[in-house]
Amino acid sequence: MNAPAAALLARCLHASLMALGLWVAMPSVHAAQVVRWASGHTPVLAFDTLDGRRFDSAAPMGKIVVANFWAVWCAPCREELPLLAQLAASTQGQPVEYLLVNTGDSNAAIEKMRSKMPANLPSLRLSAEAQDFRFSSLPATVVFDTHMRARWLVRGAIDAQAEPLRSLIADLLAEARVVPGKPVNAVLSLGN
């Protein structure tokens, strides 16, 4: 190898190693960010079923509701859906309801994606009047407490251990079990 080619190769290798070092040191831009729901009010779950009926927003009362907003074109959303199914399986029997809310894809595209899911989580469609749930980026997940108050917004995809959703759900379950002035057994029967 001639000297100019060897020098160029050395500079390229050096630049590549420096870029790799910076990349490793950077926090992930795809890591989920948890923020307290701060809009001042609890939004109505204005969703439609895939066959066009209105979702009954009173149905999950007494349960923690995890509403995940996704789209077929969103690669992190597609990666997150099986993790949500695993999280749902791990909380089976507890008062937790999972809703997959599509933000505008066709029914055919939604069904195709659902066919790849390891579990059958309720799939809904965002209604036109659901302005509180228009997010600038996906995936986004809103976590409601057992009184259907929006408590947390998780921006970005959860990790392989379903964090931070797993921790938020555990905290809300613990909170629901210890309500001042109410017997514990009355609180535990909320989801039954």
# chains A, B, ... in the order shown; residues from 1 in each chain; ligands from 1
call {"tool": "closest_atom_pairs", "arguments": {"of": "segment 96-146 of chain A", "to": "segment 31-49 of chain A", "cutoff": "9 Å", "atoms": "only C-alpha atoms", "output": "Markdown table"}}
result
| residue | atom | partner | partner_atom | distance |
| --- | --- | --- | --- | --- |
| A:Val101 | CA | A:Phe47 | CA | 7.6 |
| A:Pro122 | CA | A:Thr49 | CA | 8.6 |
| A:Ser123 | CA | A:Thr49 | CA | 7.0 |
| A:Leu124 | CA | A:Thr49 | CA | 4.8 |
| A:Arg125 | CA | A:Asp48 | CA | 5.2 |
| A:Leu126 | CA | A:Phe47 | CA | 4.9 |
| A:Ser127 | CA | A:Phe47 | CA | 5.0 |
| A:Ala128 | CA | A:Ala46 | CA | 8.2 |
| A:Glu129 | CA | A:Ala46 | CA | 6.9 |
| A:Ala130 | CA | A:Ala46 | CA | 5.4 |
| A:Gln131 | CA | A:Pro43 | CA | 8.8 |
| A:Asp132 | CA | A:Pro43 | CA | 6.2 |
| A:Phe133 | CA | A:Pro43 | CA | 8.2 |
| A:Ala140 | CA | A:Ala32 | CA | 8.9 |
| A:Val142 | CA | A:Trp37 | CA | 8.1 |
| A:Val143 | CA | A:Trp37 | CA | 8.8 |
| A:Phe144 | CA | A:Thr42 | CA | 8.9 |
call {"tool": "closest_atom_pairs", "arguments": {"of": "segment 44-115 of chain A", "to": "segment 153-176 of chain A", "cutoff": "12 Å", "atoms": "only C-alpha atoms", "output": "CSV"}}
result
residue,atom,partner,partner_atom,distance
A:Gly62,CA,A:Ala176,CA,9.1
A:Lys63,CA,A:Leu173,CA,9.0
A:Ile64,CA,A:Leu172,CA,7.3
A:Val65,CA,A:Ile169,CA,9.0
A:Val66,CA,A:Ile169,CA,8.5
A:Ala67,CA,A:Leu153,CA,9.7
A:Asn68,CA,A:Val154,CA,9.1
A:Phe69,CA,A:Arg155,CA,9.9
A:Trp70,CA,A:Ala157,CA,10.2
A:Cys74,CA,A:Ala157,CA,10.5
A:Ala75,CA,A:Ala157,CA,9.9
A:Pro76,CA,A:Ala157,CA,6.1
A:Cys77,CA,A:Ala157,CA,6.9
A:Arg78,CA,A:Ala157,CA,9.7
A:Glu79,CA,A:Ala157,CA,8.2
A:Glu80,CA,A:Ala157,CA,6.1
A:Leu81,CA,A:Ala157,CA,9.4
A:Pro82,CA,A:Ala160,CA,9.8
A:Leu83,CA,A:Ala162,CA,6.2
A:Leu84,CA,A:Ala162,CA,7.1
A:Ala85,CA,A:Ala162,CA,9.9
A:Gln86,CA,A:Ala162,CA,8.3
A:Leu87,CA,A:Ala162,CA,6.5
A:Ala88,CA,A:Arg166,CA,9.8
A:Ala89,CA,A:Ala162,CA,11.7
A:Ser90,CA,A:Arg166,CA,9.5
A:Thr91,CA,A:Ile169,CA,9.2
A:Gln94,CA,A:Leu173,CA,8.5
A:Pro95,CA,A:Leu173,CA,8.0
A:Val96,CA,A:Ile169,CA,8.0
A:Glu97,CA,A:Ile169,CA,10.6
A:Tyr98,CA,A:Ile169,CA,11.1
call {"tool": "atom_distance", "arguments": {"atom1": "atom CA of Val72 of chain A", "atom2": "atom CA of Arg114 of chain A"}}
result
10.1 Å
call {"tool": "select_by_dssp", "arguments": {"residues": "segment 61-148 of chain A", "states": "alpha helix (DSSP H)", "output": "list in words"}}
result
Ala75, Pro76, Cys77, Arg78, Glu79, Glu80, Leu81, Pro82, Leu83, Leu84, Ala85, Gln86, Leu87, Ala88, Ala89, Ser90, Asn107, Ala108, Ala109, Ile110, Glu111, Lys112, Met113 and Arg114 of chain A
call {"tool": "write_last_selection", "arguments": {"atoms": "N, CA and C atoms", "output": "PDB file, in the first residue's frame"}}
result
ATOM      1  N   ALA A  75     -41.730   2.543  12.923  1.00  0.00           N
ATOM      2  CA  ALA A  75     -40.903   1.368  13.241  1.00  0.00           C
ATOM      3  C   ALA A  75     -40.795   1.123  14.750  1.00  0.00           C
ATOM      4  N   PRO A  76     -40.547   2.142  15.606  1.00  0.00           N
ATOM      5  CA  PRO A  76     -40.511   1.872  17.048  1.00  0.00           C
ATOM      6  C   PRO A  76     -41.848   1.352  17.570  1.00  0.00           C
ATOM      7  N   CYS A  77     -42.950   1.790  16.962  1.00  0.00           N
ATOM      8  CA  CYS A  77     -44.268   1.292  17.367  1.00  0.00           C
ATOM      9  C   CYS A  77     -44.378  -0.204  17.095  1.00  0.00           C
ATOM     10  N   ARG A  78     -43.947  -0.613  15.914  1.00  0.00           N
ATOM     11  CA  ARG A  78     -44.018  -2.039  15.535  1.00  0.00           C
ATOM     12  C   ARG A  78     -43.157  -2.884  16.460  1.00  0.00           C
ATOM     13  N   GLU A  79     -42.008  -2.364  16.861  1.00  0.00           N
ATOM     14  CA  GLU A  79     -41.135  -3.095  17.779  1.00  0.00           C
ATOM     15  C   GLU A  79     -41.730  -3.161  19.182  1.00  0.00           C
ATOM     16  N   GLU A  80     -42.490  -2.147  19.550  1.00  0.00           N
ATOM     17  CA  GLU A  80     -43.038  -2.059  20.898  1.00  0.00           C
ATOM     18  C   GLU A  80     -44.266  -2.933  21.111  1.00  0.00           C
ATOM     19  N   LEU A  81     -45.047  -3.184  20.060  1.00  0.00           N
ATOM     20  CA  LEU A  81     -46.296  -3.924  20.213  1.00  0.00           C
ATOM     21  C   LEU A  81     -46.118  -5.301  20.860  1.00  0.00           C
ATOM     22  N   PRO A  82     -45.138  -6.118  20.468  1.00  0.00           N
ATOM     23  CA  PRO A  82     -44.963  -7.404  21.162  1.00  0.00           C
ATOM     24  C   PRO A  82     -44.561  -7.228  22.632  1.00  0.00           C
ATOM     25  N   LEU A  83     -43.818  -6.177  22.953  1.00  0.00           N
ATOM     26  CA  LEU A  83     -43.439  -5.916  24.346  1.00  0.00           C
ATOM     27  C   LEU A  83     -44.668  -5.559  25.178  1.00  0.00           C
ATOM     28  N   LEU A  84     -45.596  -4.818  24.577  1.00  0.00           N
ATOM     29  CA  LEU A  84     -46.844  -4.501  25.276  1.00  0.00           C
ATOM     30  C   LEU A  84     -47.669  -5.761  25.521  1.00  0.00           C
ATOM     31  N   ALA A  85     -47.672  -6.656  24.544  1.00  0.00           N
ATOM     32  CA  ALA A  85     -48.387  -7.925  24.720  1.00  0.00           C
ATOM     33  C   ALA A  85     -47.772  -8.739  25.850  1.00  0.00           C
ATOM     34  N   GLN A  86     -46.445  -8.756  25.947  1.00  0.00           N
ATOM     35  CA  GLN A  86     -45.773  -9.460  27.044  1.00  0.00           C
ATOM     36  C   GLN A  86     -46.094  -8.811  28.387  1.00  0.00           C
ATOM     37  N   LEU A  87     -46.113  -7.478  28.421  1.00  0.00           N
ATOM     38  CA  LEU A  87     -46.457  -6.772  29.653  1.00  0.00           C
ATOM     39  C   LEU A  87     -47.888  -7.091  30.064  1.00  0.00           C
ATOM     40  N   ALA A  88     -48.799  -7.122  29.097  1.00  0.00           N
ATOM     41  CA  ALA A  88     -50.193  -7.467  29.393  1.00  0.00           C
ATOM     42  C   ALA A  88     -50.294  -8.875  29.968  1.00  0.00           C
ATOM     43  N   ALA A  89     -49.540  -9.804  29.412  1.00  0.00           N
ATOM     44  CA  ALA A  89     -49.555 -11.181  29.931  1.00  0.00           C
ATOM     45  C   ALA A  89     -49.015 -11.232  31.354  1.00  0.00           C
ATOM     46  N   SER A  90     -48.010 -10.412  31.647  1.00  0.00           N
ATOM     47  CA  SER A  90     -47.412 -10.437  32.989  1.00  0.00           C
ATOM     48  C   SER A  90     -48.306  -9.795  34.041  1.00  0.00           C
ATOM     49  N   ASN A 107     -58.149  -0.024   8.132  1.00  0.00           N
ATOM     50  CA  ASN A 107     -58.469  -1.254   8.863  1.00  0.00           C
ATOM     51  C   ASN A 107     -57.636  -2.429   8.368  1.00  0.00           C
ATOM     52  N   ALA A 108     -57.414  -2.505   7.059  1.00  0.00           N
ATOM     53  CA  ALA A 108     -56.625  -3.604   6.491  1.00  0.00           C
ATOM     54  C   ALA A 108     -55.196  -3.567   7.021  1.00  0.00           C
ATOM     55  N   ALA A 109     -54.602  -2.379   7.079  1.00  0.00           N
ATOM     56  CA  ALA A 109     -53.231  -2.251   7.588  1.00  0.00           C
ATOM     57  C   ALA A 109     -53.166  -2.604   9.072  1.00  0.00           C
ATOM     58  N   ILE A 110     -54.177  -2.183   9.831  1.00  0.00           N
ATOM     59  CA  ILE A 110     -54.222  -2.492  11.265  1.00  0.00           C
ATOM     60  C   ILE A 110     -54.347  -3.998  11.462  1.00  0.00           C
ATOM     61  N   GLU A 111     -55.256  -4.631  10.721  1.00  0.00           N
ATOM     62  CA  GLU A 111     -55.451  -6.081  10.850  1.00  0.00           C
ATOM     63  C   GLU A 111     -54.199  -6.852  10.461  1.00  0.00           C
ATOM     64  N   LYS A 112     -53.515  -6.399   9.435  1.00  0.00           N
ATOM     65  CA  LYS A 112     -52.271  -7.058   9.024  1.00  0.00           C
ATOM     66  C   LYS A 112     -51.242  -6.999  10.153  1.00  0.00           C
ATOM     67  N   MET A 113     -51.131  -5.835  10.803  1.00  0.00           N
ATOM     68  CA  MET A 113     -50.197  -5.691  11.916  1.00  0.00           C
ATOM     69  C   MET A 113     -50.644  -6.540  13.107  1.00  0.00           C
ATOM     70  N   ARG A 114     -51.933  -6.561  13.378  1.00  0.00           N
ATOM     71  CA  ARG A 114     -52.448  -7.357  14.499  1.00  0.00           C
ATOM     72  C   ARG A 114     -52.192  -8.840  14.291  1.00  0.00           C
TER      73      ARG A 114
END
